[in-house]
Amino acid sequence: MAGSGKTGTRTGATGQGQGRKSRIAKRTVYWGENAIVYEFERKAVKNMNLRIRPDGSIHVSVGRGVPASAADAFVRDNGERILAVLERFARTASTRVEPPRFTDAQCRGLFEEILEEVYPPFGERGIPKPQLRIRHMKSRWGSCIPGKGVITMNSRLLGAPRSCVEYVMAHELCHFIHPNHSSAFYGELSKCMPDWRERKALLQKCSDRL
Ligand SMILES: [Zn+2]
């Protein structure tokens with residue numbers, strides 16, 4: 001059964017009973033020490049059908065008159081193959097490339113260096129140099145608390161092009177002048193980083209691998 005998540009035979013019973021509401025129950029059988037949990041469904045089919053979905057869920061449909069114990073036996077008989085398929089699915093899922101997770105210490109050098117580069121015009125405006133915090137964040141690249149003089153940078157940015165990190169830093173620093181996203185804020189940002197839109201677009205483009 002190479003390459004397929006199915007065992008058993010699918011029948012030609014098409015459409016019959018589809019309008020009828022079917023009930024799905026969860027059942028558990030044991031194959032060796034492994035518990036196999038599957039969804040049991042009775043519907044208008046001639047044979048027993050077993051399907052293993054890529055998410056690892058197992059579905060068995062049987063004809064109306066077939067007892068659940070027959071489905072249990074069917075799953076148990078196919079236990080070895082089911083577990084092999086589940087293992088293969090798990091392997092495929094875990095070979096998906098997860099982006100690296102960076103520590104604060106790994107990020108600090110670069111982020112401090114970029115702050116040094118982007119900060120001077122803000123210093124000239126009388127803004128004290130902010131303190132950098134680093135966090136792993138899901139939905140924001142950076143944030144700031146101007147009143148406390150703090151900028152928080154997302155550690156995921158360490159995997160981004162440098163120009164994008166510079167953009168996030170400049171964006172947060174501009175909030176120390178305008179704590180909002182007004183047109184004055186964007187005017188300020190354009191003054192200190194005329195190409196911020198391209199940098200932002202680049203960051204958006206590579207965000208799902210960060
Ligand atoms: Zn902002």
# chains A, B, ... in the order shown; residues from 1 in each chain; ligands from 1
>>> closest_atom_pairs(of="segment 53-144 of chain A", to="segment 157-169 of chain A", cutoff="12 Å", atoms="only C-alpha atoms", output="tab-separated table")
residue	atom	partner	partner_atom	distance
A:Pro99	CA	A:Gly159	CA	8.4
A:Pro100	CA	A:Gly159	CA	7.9
A:Arg101	CA	A:Gly159	CA	9.0
A:Phe102	CA	A:Leu158	CA	7.1
A:Thr103	CA	A:Leu158	CA	9.5
A:Asp104	CA	A:Leu158	CA	9.9
A:Ala105	CA	A:Leu158	CA	11.0
A:Gln106	CA	A:Leu158	CA	8.2
A:Cys107	CA	A:Leu158	CA	6.1
A:Arg108	CA	A:Leu158	CA	9.4
A:Gly109	CA	A:Leu158	CA	10.3
A:Leu110	CA	A:Leu158	CA	7.9
A:Phe111	CA	A:Val165	CA	7.7
A:Glu112	CA	A:Met169	CA	10.0
A:Glu113	CA	A:Glu166	CA	9.9
A:Ile114	CA	A:Glu166	CA	6.2
A:Leu115	CA	A:Met169	CA	6.7
A:Glu116	CA	A:Met169	CA	10.2
A:Glu117	CA	A:Glu166	CA	8.6
A:Val118	CA	A:Glu166	CA	7.1
A:Tyr119	CA	A:Met169	CA	8.7
A:Phe122	CA	A:Met169	CA	11.6
A:Pro130	CA	A:Met169	CA	10.7
A:Gln131	CA	A:Met169	CA	11.9
A:Leu132	CA	A:Met169	CA	10.1
A:Arg133	CA	A:Met169	CA	11.8
A:Ile134	CA	A:Leu157	CA	10.0
A:Arg135	CA	A:Leu157	CA	10.1
A:His136	CA	A:Leu157	CA	9.1
A:Met137	CA	A:Leu157	CA	9.8
A:Lys138	CA	A:Leu157	CA	11.3
A:Ser139	CA	A:Leu157	CA	12.0
A:Arg140	CA	A:Val168	CA	10.0
A:Trp141	CA	A:Val168	CA	6.8
A:Gly142	CA	A:Val168	CA	6.3
A:Ser143	CA	A:Val168	CA	9.0
A:Cys144	CA	A:Met169	CA	9.9
>>> residues_around(residues="Glu80 of chain A", least_positions_apart="2", cutoff="12 Å", atoms="only C-alpha atoms", output="VMD selection string")
chain A and resid 7 30 to 36 74 to 78 82 to 87
>>> closest_residue(among="A:Gly126, A:Pro179, A:Gly147, A:Pro121", to="ligand 1", atoms="only C-alpha atoms and all ligand atoms")
A:Pro179
>>> closest_atom_pairs(of="chain A", to="ligand 1", cutoff="7 Å", atoms="only C-alpha atoms and all ligand atoms", output="JSON lines")
{"residue": "A:His171", "atom": "CA", "partner": "ligand 1", "partner_atom_place_in_ligand_line": "1 (Zn)", "distance": 6.1}
{"residue": "A:Glu172", "atom": "CA", "partner": "ligand 1", "partner_atom_place_in_ligand_line": "1 (Zn)", "distance": 6.1}
{"residue": "A:His175", "atom": "CA", "partner": "ligand 1", "partner_atom_place_in_ligand_line": "1 (Zn)", "distance": 6.6}
{"residue": "A:Asn180", "atom": "CA", "partner": "ligand 1", "partner_atom_place_in_ligand_line": "1 (Zn)", "distance": 6.6}
{"residue": "A:His181", "atom": "CA", "partner": "ligand 1", "partner_atom_place_in_ligand_line": "1 (Zn)", "distance": 6.1}
>>> select_by_dssp(residues="segment 4-209 of chain A", states="strand (DSSP E)", output="short mmCIF file (atom, residue, chain, number, x, y, z; two decimals) with N, CA and C atoms, in the first residue's frame")
data_model
loop_
_atom_site.label_atom_id
_atom_site.label_comp_id
_atom_site.auth_asym_id
_atom_site.auth_seq_id
_atom_site.Cartn_x
_atom_site.Cartn_y
_atom_site.Cartn_z
N LYS A 6 -4.92 4.43 2.53
CA LYS A 6 -6.15 3.63 2.58
C LYS A 6 -5.86 2.16 2.64
N THR A 7 -6.66 1.44 3.36
CA THR A 7 -6.61 -0.01 3.25
C THR A 7 -8.05 -0.45 3.03
N GLY A 8 -8.22 -1.73 2.75
CA GLY A 8 -9.57 -2.21 2.53
C GLY A 8 -10.06 -1.79 1.15
N ILE A 24 -21.28 9.31 14.08
CA ILE A 24 -19.89 8.88 14.15
C ILE A 24 -19.53 8.70 15.62
N ALA A 25 -19.02 7.52 15.95
CA ALA A 25 -18.61 7.26 17.33
C ALA A 25 -17.11 6.98 17.36
N LYS A 26 -16.49 7.32 18.46
CA LYS A 26 -15.06 7.01 18.61
C LYS A 26 -14.91 5.67 19.28
N ARG A 27 -14.07 4.82 18.73
CA ARG A 27 -13.82 3.51 19.34
C ARG A 27 -12.32 3.29 19.44
N THR A 28 -11.94 2.45 20.38
CA THR A 28 -10.52 2.18 20.59
C THR A 28 -10.28 0.67 20.53
N VAL A 29 -9.26 0.28 19.79
CA VAL A 29 -8.84 -1.12 19.84
C VAL A 29 -7.34 -1.13 20.14
N TYR A 30 -6.86 -2.28 20.56
CA TYR A 30 -5.44 -2.39 20.87
C TYR A 30 -4.75 -3.31 19.88
N TRP A 31 -3.64 -2.85 19.41
CA TRP A 31 -2.79 -3.70 18.58
C TRP A 31 -1.45 -3.76 19.31
N ASN A 34 -0.28 -0.77 21.43
CA ASN A 34 -0.70 0.50 20.85
C ASN A 34 -2.21 0.62 20.78
N ALA A 35 -2.70 1.71 21.36
CA ALA A 35 -4.14 1.99 21.26
C ALA A 35 -4.39 2.63 19.90
N ILE A 36 -5.35 2.11 19.19
CA ILE A 36 -5.74 2.73 17.93
C ILE A 36 -7.15 3.28 18.11
N VAL A 37 -7.28 4.59 18.06
CA VAL A 37 -8.59 5.23 18.21
C VAL A 37 -9.11 5.52 16.81
N TYR A 38 -10.33 5.13 16.56
CA TYR A 38 -10.86 5.41 15.22
C TYR A 38 -12.31 5.90 15.29
N GLU A 39 -12.71 6.54 14.23
CA GLU A 39 -14.10 6.99 14.11
C GLU A 39 -14.89 5.89 13.42
N PHE A 40 -15.99 5.54 14.03
CA PHE A 40 -16.81 4.45 13.51
C PHE A 40 -18.10 5.04 12.95
N GLU A 41 -18.39 4.69 11.73
CA GLU A 41 -19.61 5.24 11.13
C GLU A 41 -20.36 4.16 10.36
N ARG A 42 -21.67 4.13 10.59
CA ARG A 42 -22.51 3.22 9.80
C ARG A 42 -23.15 4.00 8.68
N ASN A 49 -14.90 0.09 5.02
CA ASN A 49 -13.89 0.99 4.46
C ASN A 49 -13.07 1.61 5.57
N LEU A 50 -11.77 1.61 5.36
CA LEU A 50 -10.89 2.20 6.36
C LEU A 50 -10.07 3.29 5.69
N ARG A 51 -10.08 4.43 6.30
CA ARG A 51 -9.33 5.55 5.72
C ARG A 51 -8.48 6.20 6.81
N ILE A 52 -7.23 6.43 6.49
CA ILE A 52 -6.35 7.13 7.44
C ILE A 52 -6.05 8.49 6.83
N ILE A 58 -8.38 8.23 12.00
CA ILE A 58 -8.72 6.99 11.30
C ILE A 58 -10.24 6.89 11.23
N HIS A 59 -10.74 6.58 10.06
CA HIS A 59 -12.19 6.53 9.88
C HIS A 59 -12.57 5.18 9.30
N VAL A 60 -13.56 4.53 9.92
CA VAL A 60 -14.05 3.26 9.40
C VAL A 60 -15.54 3.39 9.16
N SER A 61 -15.97 3.08 7.95
CA SER A 61 -17.40 3.06 7.70
C SER A 61 -17.81 1.63 7.37
N VAL A 62 -18.97 1.26 7.89
CA VAL A 62 -19.49 -0.10 7.68
C VAL A 62 -20.96 -0.01 7.27
N GLN A 131 16.00 51.47 25.76
CA GLN A 131 16.52 50.19 26.22
C GLN A 131 15.90 49.12 25.33
N LEU A 132 16.70 48.13 24.93
CA LEU A 132 16.17 47.08 24.05
C LEU A 132 15.73 45.86 24.84
N ARG A 133 14.53 45.41 24.53
CA ARG A 133 14.10 44.11 25.04
C ARG A 133 13.88 43.21 23.85
N ILE A 134 14.08 41.93 24.06
CA ILE A 134 13.94 40.97 22.96
C ILE A 134 12.97 39.88 23.39
N ARG A 135 12.04 39.60 22.52
CA ARG A 135 11.05 38.56 22.83
C ARG A 135 10.69 37.79 21.57
N GLY A 142 7.76 44.32 16.33
CA GLY A 142 8.34 45.17 17.36
C GLY A 142 7.25 45.90 18.09
N SER A 143 7.58 46.42 19.26
CA SER A 143 6.62 47.24 19.99
C SER A 143 7.44 48.18 20.87
N CYS A 144 6.78 49.18 21.42
CA CYS A 144 7.54 50.10 22.26
C CYS A 144 6.67 50.73 23.33
N ILE A 145 7.33 51.18 24.38
CA ILE A 145 6.67 51.97 25.42
C ILE A 145 7.47 53.27 25.53
N VAL A 150 11.40 52.08 26.21
CA VAL A 150 11.68 50.68 25.91
C VAL A 150 11.22 50.32 24.50
N ILE A 151 12.08 49.62 23.77
CA ILE A 151 11.68 49.03 22.48
C ILE A 151 11.82 47.53 22.61
N THR A 152 10.78 46.80 22.23
CA THR A 152 10.86 45.34 22.23
C THR A 152 10.92 44.86 20.79
N MET A 153 11.94 44.08 20.50
CA MET A 153 12.13 43.55 19.15
C MET A 153 11.85 42.05 19.17
N ASN A 154 11.24 41.57 18.10
CA ASN A 154 10.92 40.15 17.97
C ASN A 154 12.18 39.36 17.60
#
>>> atom_distance(atom1="atom CA of Cys192 of chain A", atom2="atom CA of Leu210 of chain A")
25.8 Å
>>> closest_residue(among="A:Lys205, A:Lys148, A:Lys43, A:Arg197", to="Phe176 of chain A", atoms="only C-alpha atoms")
A:Lys148
>>> closest_residue(among="A:Ala90, A:Val97, A:Ala68, A:Ala73", to="Asp55 of chain A", atoms="only C-alpha atoms")
A:Ala90
>>> closest_residue(among="A:Pro54, A:Arg156, A:Asp72, A:Gln204", to="Glu98 of chain A", atoms="only C-alpha atoms")
A:Arg156
>>> select_by_dssp(residues="segment 32-178 of chain A", states="alpha helix (DSSP H)", output="MDAnalysis selection string")
chainID A and resid 68:77 79:94 104:118 120:124 162:174
